[in-house]
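Colleague: This structure is in structure tokens; I'll ask about it shortly.
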Amino acid sequence: MVETFSTSKESLVPLLALNNKSSKNIIIFPSDKEAKEFATDFSNLNENIFHLPSWDTLSYDSFVPSLDIQGKRLEIAHQLLANNNYNISASIKAISQRIYFEELEICKIELNQEIDFDSLIENLIHLKYQRKDRVESKGSFAIRGGQLDVYPINYDIPLRVIFDGDLVNEIKTFDTISQRSISKKNNILVVPA
């Protein structure tokens with residue numbers, strides 16, 4: 001069902017928060033800036049709102065959109081398919097651009113989950129992540145004993161997964177320069193690179 005609103009931008013947030021018509025909503029704005037502002041404002045009332053960014057290239061360019069944007073768009077596609085309650089804020093441009101995937105394969109890692117370490121590495125390679133000696137850029141991973149460092153394209157900072165055998169013992173974010181841990185996480189979602 002398509003519904004339009006003729007109201008001010010300022011009153012749109014409370015209006016939609018109070019009249020949540022369905023569990024999955026796409027709110028379309030004229031520009032990316034307005035869509036992002038709405039997602040930020042609406043997140044104070046509903047945590048299930050995400051901004052779908054538009055490509056940072058022209059659709060007819062030979063350039064590929066940045067890994068940041070590709071990662072965010074793939075994560076939103078996954079969330080839309082996997083969750084029952086989800087809101088997307090997008091510009092007309094963003095909603096008209098295709099998200100390219102045949103099958104959206106995602107690698108989800110949770111704290112205290114048992115994962116075959118070798119299968120996880122094979123999965124990351126299958127998702128087109130590059131194995132490096134040290135993780136410094138998106139789309140790469142490194143292994144040090146029972147520790148996996150990975151920089152998913154849908155995250156702003158890299159992640160460190162510490163294993164005890166095949167059990168996920170800790171998940172942390174870390175700084176690429178100092179390689180020191182920043183904060184703990186309960187789970188991560190790695191989208192294809």
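By convention here, the chains of the structure tokens are called A, B, ... in the order presented, each chain's residues are numbered starting at 1, and ligands are numbered starting at 1 in the order presented.
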Which polymer residues have any atom within 10 Å of an atom of Ile106 of chain A, counting only C-alpha atoms, with same-chain residues fewer than 4 positions away left out, as an mmCIF file with all heavy atoms, in the first residue's frame?
Modeller:
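Writing done, so here's out_25.cif:
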data_model
loop_
_atom_site.group_PDB
_atom_site.id
_atom_site.type_symbol
_atom_site.label_atom_id
_atom_site.label_comp_id
_atom_site.auth_asym_id
_atom_site.auth_seq_id
_atom_site.Cartn_x
_atom_site.Cartn_y
_atom_site.Cartn_z
ATOM 1 N N LEU A 74 23.568 -3.585 1.365
ATOM 2 C CA LEU A 74 23.395 -5.035 1.511
ATOM 3 C C LEU A 74 22.881 -5.406 2.895
ATOM 4 O O LEU A 74 22.041 -6.298 3.042
ATOM 5 C CB LEU A 74 24.713 -5.758 1.231
ATOM 6 C CG LEU A 74 25.130 -5.837 -0.232
ATOM 7 C CD1 LEU A 74 26.548 -6.377 -0.371
ATOM 8 C CD2 LEU A 74 24.160 -6.702 -1.018
ATOM 9 N N GLU A 75 23.373 -4.711 3.921
ATOM 10 C CA GLU A 75 22.894 -4.985 5.284
ATOM 11 C C GLU A 75 21.405 -4.651 5.402
ATOM 12 O O GLU A 75 20.631 -5.396 6.005
ATOM 13 C CB GLU A 75 23.701 -4.187 6.305
ATOM 14 C CG GLU A 75 23.297 -4.500 7.727
ATOM 15 C CD GLU A 75 24.185 -3.841 8.766
ATOM 16 O OE1 GLU A 75 25.074 -3.047 8.409
ATOM 17 O OE2 GLU A 75 23.973 -4.123 9.944
ATOM 18 N N HIS A 78 19.398 -7.350 3.760
ATOM 19 C CA HIS A 78 19.326 -8.519 4.641
ATOM 20 C C HIS A 78 18.318 -8.298 5.767
ATOM 21 O O HIS A 78 17.492 -9.167 6.051
ATOM 22 C CB HIS A 78 20.702 -8.839 5.227
ATOM 23 C CG HIS A 78 20.638 -9.845 6.330
ATOM 24 N ND1 HIS A 78 20.407 -11.184 6.087
ATOM 25 C CD2 HIS A 78 20.718 -9.707 7.664
ATOM 26 C CE1 HIS A 78 20.364 -11.818 7.241
ATOM 27 N NE2 HIS A 78 20.558 -10.951 8.209
ATOM 28 N N ASN A 123 34.191 -19.359 4.417
ATOM 29 C CA ASN A 123 33.020 -18.516 4.171
ATOM 30 C C ASN A 123 33.439 -17.073 3.878
ATOM 31 O O ASN A 123 32.905 -16.437 2.974
ATOM 32 C CB ASN A 123 32.062 -18.578 5.356
ATOM 33 C CG ASN A 123 30.684 -18.074 5.023
ATOM 34 O OD1 ASN A 123 30.335 -17.856 3.863
ATOM 35 N ND2 ASN A 123 29.883 -17.875 6.040
ATOM 36 N N LEU A 124 34.392 -16.544 4.640
ATOM 37 C CA LEU A 124 34.877 -15.176 4.402
ATOM 38 C C LEU A 124 35.518 -15.059 3.018
ATOM 39 O O LEU A 124 35.306 -14.074 2.312
ATOM 40 C CB LEU A 124 35.866 -14.755 5.488
ATOM 41 C CG LEU A 124 35.262 -14.466 6.857
ATOM 42 C CD1 LEU A 124 36.368 -14.232 7.887
ATOM 43 C CD2 LEU A 124 34.322 -13.284 6.809
ATOM 44 N N LEU A 127 32.850 -14.935 0.521
ATOM 45 C CA LEU A 127 32.213 -13.621 0.518
ATOM 46 C C LEU A 127 33.142 -12.538 -0.043
ATOM 47 O O LEU A 127 32.845 -11.355 0.021
ATOM 48 C CB LEU A 127 31.757 -13.239 1.928
ATOM 49 C CG LEU A 127 30.643 -14.091 2.531
ATOM 50 C CD1 LEU A 127 30.366 -13.672 3.979
ATOM 51 C CD2 LEU A 127 29.374 -14.000 1.710
ATOM 52 N N LEU A 189 27.409 -8.908 11.847
ATOM 53 C CA LEU A 189 26.823 -9.338 10.586
ATOM 54 C C LEU A 189 27.792 -8.955 9.481
ATOM 55 O O LEU A 189 28.080 -7.777 9.299
ATOM 56 C CB LEU A 189 25.489 -8.623 10.394
ATOM 57 C CG LEU A 189 24.548 -9.127 9.340
ATOM 58 C CD1 LEU A 189 24.014 -10.491 9.736
ATOM 59 C CD2 LEU A 189 23.398 -8.159 9.182
ATOM 60 N N VAL A 190 28.330 -9.929 8.774
ATOM 61 C CA VAL A 190 29.314 -9.675 7.715
ATOM 62 C C VAL A 190 28.626 -9.894 6.375
ATOM 63 O O VAL A 190 28.197 -10.991 6.059
ATOM 64 C CB VAL A 190 30.536 -10.612 7.855
ATOM 65 C CG1 VAL A 190 31.566 -10.317 6.762
ATOM 66 C CG2 VAL A 190 31.164 -10.485 9.232
ATOM 67 N N VAL A 191 28.519 -8.818 5.584
ATOM 68 C CA VAL A 191 27.894 -8.900 4.261
ATOM 69 C C VAL A 191 28.980 -9.146 3.211
ATOM 70 O O VAL A 191 30.156 -8.895 3.458
ATOM 71 C CB VAL A 191 27.073 -7.630 3.919
ATOM 72 C CG1 VAL A 191 25.960 -7.412 4.923
ATOM 73 C CG2 VAL A 191 27.957 -6.410 3.807
ATOM 74 N N PRO A 192 28.612 -9.621 2.029
ATOM 75 C CA PRO A 192 29.617 -9.891 0.994
ATOM 76 C C PRO A 192 30.394 -8.639 0.595
ATOM 77 O O PRO A 192 29.854 -7.550 0.553
ATOM 78 C CB PRO A 192 28.786 -10.382 -0.193
ATOM 79 C CG PRO A 192 27.509 -10.855 0.390
ATOM 80 C CD PRO A 192 27.265 -10.011 1.601
#
Colleague: What are the closest atom pairs, with distances in Å to one decimal, for all residues of segment 65-124 of chain A lying within 10 Å of segment 131-152 of chain A? Consider only C-alpha atoms, order rows by chain and residue number, and present the result as a Markdown table.
Modeller:
| residue | atom | partner | partner_atom | distance |
| --- | --- | --- | --- | --- |
| A:Leu67 | CA | A:Lys138 | CA | 7.3 |
| A:Asp68 | CA | A:Lys138 | CA | 8.3 |
| A:Gly71 | CA | A:Pro152 | CA | 7.7 |
| A:Phe117 | CA | A:Gly146 | CA | 8.6 |
| A:Leu120 | CA | A:Leu148 | CA | 9.7 |
| A:Ile121 | CA | A:Leu148 | CA | 8.9 |
| A:Leu124 | CA | A:Phe141 | CA | 8.1 |
Colleague: Fewer than 3 positions away in the same chain doesn't count, so skip those; otherwise give me all residues within 10 Å of Asn112 of chain A, counting only C-alpha atoms, as an MDAnalysis selection string.
Modeller: chainID A and resid 109 115 163:164 166:171 186:187
Colleague: Taking only segment 6-172 of chain A into account, list the residues labelled strand (DSSP E) by DSSP (computed from the backbone), as an MDAnalysis selection string.
Modeller: chainID A and resid 24:29 49:52 86:91 107:110 130:131 140:144 147:151 159:164 167:172
Colleague: Restrict the selected residues to N, CA and C atoms and save them as a short mmCIF file (atom, residue, chain, number, x, y, z; two decimals), in the first residue's frame.
Modeller:
data_model
loop_
_atom_site.label_atom_id
_atom_site.label_comp_id
_atom_site.auth_asym_id
_atom_site.auth_seq_id
_atom_site.Cartn_x
_atom_site.Cartn_y
_atom_site.Cartn_z
N LYS A 24 6.61 -3.23 8.18
CA LYS A 24 7.70 -2.87 7.26
C LYS A 24 7.27 -1.65 6.47
N ASN A 25 8.03 -0.58 6.62
CA ASN A 25 7.69 0.68 5.96
C ASN A 25 8.91 1.24 5.24
N ILE A 26 8.68 1.83 4.07
CA ILE A 26 9.72 2.56 3.35
C ILE A 26 9.22 3.99 3.21
N ILE A 27 9.97 4.92 3.80
CA ILE A 27 9.60 6.33 3.76
C ILE A 27 10.56 6.99 2.77
N ILE A 28 10.00 7.59 1.72
CA ILE A 28 10.81 8.13 0.62
C ILE A 28 10.80 9.66 0.67
N PHE A 29 12.00 10.24 0.54
CA PHE A 29 12.19 11.69 0.58
C PHE A 29 12.82 12.17 -0.72
N ILE A 49 14.73 1.82 12.49
CA ILE A 49 14.74 2.70 11.31
C ILE A 49 16.17 2.77 10.80
N PHE A 50 16.30 2.61 9.48
CA PHE A 50 17.62 2.64 8.88
C PHE A 50 17.59 3.47 7.61
N HIS A 51 18.68 4.18 7.38
CA HIS A 51 18.80 5.02 6.19
C HIS A 51 19.45 4.22 5.08
N LEU A 52 18.78 4.15 3.93
CA LEU A 52 19.32 3.50 2.74
C LEU A 52 20.03 4.57 1.91
N TYR A 86 10.57 -3.45 10.45
CA TYR A 86 11.69 -2.74 9.87
C TYR A 86 11.20 -1.51 9.13
N ASN A 87 11.89 -0.38 9.28
CA ASN A 87 11.56 0.87 8.62
C ASN A 87 12.79 1.36 7.85
N ILE A 88 12.59 1.77 6.62
CA ILE A 88 13.68 2.28 5.80
C ILE A 88 13.36 3.71 5.39
N SER A 89 14.35 4.56 5.55
CA SER A 89 14.26 5.94 5.11
C SER A 89 15.20 6.08 3.91
N ALA A 90 14.66 6.52 2.76
CA ALA A 90 15.48 6.58 1.54
C ALA A 90 15.08 7.76 0.69
N SER A 91 16.00 8.16 -0.16
CA SER A 91 15.69 9.20 -1.14
C SER A 91 15.11 8.52 -2.38
N CYS A 107 27.21 -13.67 6.81
CA CYS A 107 27.89 -14.42 7.87
C CYS A 107 27.57 -13.73 9.19
N LYS A 108 26.80 -14.40 10.04
CA LYS A 108 26.44 -13.85 11.34
C LYS A 108 27.23 -14.57 12.42
N ILE A 109 27.88 -13.81 13.27
CA ILE A 109 28.69 -14.37 14.35
C ILE A 109 28.16 -13.81 15.66
N GLU A 110 27.86 -14.70 16.61
CA GLU A 110 27.32 -14.29 17.90
C GLU A 110 28.22 -14.78 19.03
N GLN A 130 39.57 -10.48 1.55
CA GLN A 130 40.98 -10.75 1.25
C GLN A 130 41.73 -11.04 2.55
N ARG A 131 42.49 -12.13 2.55
CA ARG A 131 43.30 -12.45 3.72
C ARG A 131 44.58 -11.62 3.69
N SER A 140 38.79 -7.00 4.29
CA SER A 140 39.96 -7.84 4.57
C SER A 140 39.81 -8.53 5.92
N PHE A 141 40.60 -9.60 6.10
CA PHE A 141 40.62 -10.29 7.39
C PHE A 141 42.03 -10.82 7.65
N ALA A 142 42.34 -11.08 8.91
CA ALA A 142 43.63 -11.62 9.32
C ALA A 142 43.39 -12.63 10.44
N ILE A 143 44.30 -13.60 10.53
CA ILE A 143 44.19 -14.64 11.56
C ILE A 143 45.46 -14.63 12.38
N ARG A 144 45.28 -14.65 13.70
CA ARG A 144 46.42 -14.76 14.62
C ARG A 144 46.04 -15.78 15.68
N GLN A 147 42.41 -15.99 17.01
CA GLN A 147 41.81 -14.66 16.87
C GLN A 147 41.60 -14.34 15.40
N LEU A 148 40.39 -13.86 15.09
CA LEU A 148 40.07 -13.45 13.73
C LEU A 148 39.79 -11.95 13.74
N ASP A 149 40.55 -11.20 12.95
CA ASP A 149 40.28 -9.78 12.74
C ASP A 149 39.62 -9.66 11.38
N VAL A 150 38.48 -8.97 11.33
CA VAL A 150 37.76 -8.80 10.06
C VAL A 150 37.24 -7.38 9.98
N TYR A 151 37.28 -6.81 8.78
CA TYR A 151 36.79 -5.45 8.55
C TYR A 151 35.65 -5.55 7.54
N LEU A 159 36.54 -5.47 13.36
CA LEU A 159 36.10 -6.28 14.49
C LEU A 159 37.09 -7.40 14.77
N ARG A 160 37.20 -7.75 16.03
CA ARG A 160 38.08 -8.84 16.46
C ARG A 160 37.22 -9.90 17.13
N VAL A 161 37.32 -11.13 16.62
CA VAL A 161 36.57 -12.26 17.18
C VAL A 161 37.59 -13.20 17.80
N ILE A 162 37.47 -13.42 19.11
CA ILE A 162 38.41 -14.28 19.83
C ILE A 162 37.73 -15.61 20.13
N PHE A 163 38.39 -16.68 19.71
CA PHE A 163 37.85 -18.03 19.86
C PHE A 163 38.54 -18.77 20.99
N ASP A 164 37.80 -19.67 21.61
CA ASP A 164 38.34 -20.65 22.53
C ASP A 164 37.96 -22.00 21.91
N LEU A 167 34.49 -22.07 19.98
CA LEU A 167 33.51 -21.24 20.68
C LEU A 167 33.91 -19.77 20.60
N VAL A 168 32.96 -18.92 20.19
CA VAL A 168 33.23 -17.47 20.13
C VAL A 168 33.24 -16.95 21.56
N ASN A 169 34.41 -16.55 22.02
CA ASN A 169 34.62 -16.12 23.40
C ASN A 169 34.40 -14.62 23.59
N GLU A 170 34.86 -13.82 22.61
CA GLU A 170 34.74 -12.36 22.68
C GLU A 170 34.59 -11.79 21.28
N ILE A 171 33.85 -10.68 21.18
CA ILE A 171 33.76 -9.91 19.94
C ILE A 171 34.00 -8.46 20.34
N LYS A 172 34.97 -7.83 19.69
CA LYS A 172 35.33 -6.44 20.03
C LYS A 172 35.58 -5.64 18.76
#
Colleague: Pull the helix (DSSP H, G or I) assignments for segment 84-156 of chain A out of DSSP run on the backbone, and list those residues as a compact mmCIF listing (two decimals) with N, CA, C and O atoms, in the first residue's frame.
Modeller:
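Heads up, here's the output in states.txt:
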# COMPACT_ATOMS: atom_id res chain seq x y z
N ILE A 92 14.51 9.32 -3.25
CA ILE A 92 13.99 8.79 -4.51
C ILE A 92 15.13 8.15 -5.30
O ILE A 92 14.97 7.07 -5.86
N LYS A 93 16.28 8.80 -5.29
CA LYS A 93 17.45 8.28 -6.01
C LYS A 93 17.88 6.93 -5.44
O LYS A 93 18.12 5.98 -6.20
N ALA A 94 17.97 6.81 -4.12
CA ALA A 94 18.43 5.57 -3.48
C ALA A 94 17.49 4.41 -3.74
O ALA A 94 17.92 3.28 -3.98
N ILE A 95 16.19 4.68 -3.68
CA ILE A 95 15.20 3.61 -3.84
C ILE A 95 15.13 3.13 -5.29
O ILE A 95 14.76 2.00 -5.57
N SER A 96 15.54 3.99 -6.23
CA SER A 96 15.48 3.61 -7.64
C SER A 96 16.73 2.86 -8.10
O SER A 96 16.74 2.30 -9.19
N PHE A 117 36.03 -23.05 12.86
CA PHE A 117 36.93 -21.95 12.49
C PHE A 117 37.33 -22.02 11.02
O PHE A 117 37.31 -21.02 10.30
N ASP A 118 37.68 -23.22 10.53
CA ASP A 118 38.10 -23.38 9.14
C ASP A 118 36.95 -23.06 8.18
O ASP A 118 37.15 -22.44 7.13
N SER A 119 35.73 -23.47 8.53
CA SER A 119 34.56 -23.17 7.70
C SER A 119 34.29 -21.67 7.65
O SER A 119 33.90 -21.13 6.62
N LEU A 120 34.51 -21.00 8.79
CA LEU A 120 34.32 -19.54 8.85
C LEU A 120 35.30 -18.84 7.90
O LEU A 120 34.90 -17.94 7.16
N ILE A 121 36.54 -19.28 7.89
CA ILE A 121 37.55 -18.68 7.00
C ILE A 121 37.17 -18.92 5.55
O ILE A 121 37.22 -18.00 4.72
N GLU A 122 36.73 -20.14 5.23
CA GLU A 122 36.28 -20.45 3.86
C GLU A 122 35.09 -19.57 3.47
O GLU A 122 35.00 -19.11 2.33
N ASN A 123 34.19 -19.36 4.42
CA ASN A 123 33.02 -18.52 4.17
C ASN A 123 33.44 -17.07 3.88
O ASN A 123 32.91 -16.44 2.97
N LEU A 124 34.39 -16.54 4.64
CA LEU A 124 34.88 -15.18 4.40
C LEU A 124 35.52 -15.06 3.02
O LEU A 124 35.31 -14.07 2.31
N ILE A 125 36.27 -16.06 2.62
CA ILE A 125 36.89 -16.06 1.29
C ILE A 125 35.79 -16.12 0.22
O ILE A 125 35.85 -15.41 -0.79
N HIS A 126 34.77 -16.94 0.47
CA HIS A 126 33.64 -17.04 -0.46
C HIS A 126 32.91 -15.70 -0.58
O HIS A 126 32.43 -15.35 -1.65
Colleague: Nearest to Arg180 of chain A among A:Leu80, A:Ile157, A:Leu111, A:Ala193, with distances taken over only C-alpha atoms: which residue is it?
Modeller: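 Nearest candidate to Arg180 of chain A out of A:Leu80, A:Ile157, A:Leu111, A:Ala193: A:Ile157.
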Colleague: Tell me, in Å to one decimal, how far atom CA of Ile153 of chain A is from atom CA of Phe174 of chain A.
Modeller: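 Between these atoms lies a distance of 14.9 Å.
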Colleague: Can you work out which one of A:Gly165, A:Asp175, A:Glu105, A:Phe42 has the shortest atom-to-atom distance to Leu81 of chain A, counting only C-alpha atoms?
Modeller: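 Nearest candidate to Leu81 of chain A out of A:Gly165, A:Asp175, A:Glu105, A:Phe42: A:Glu105.
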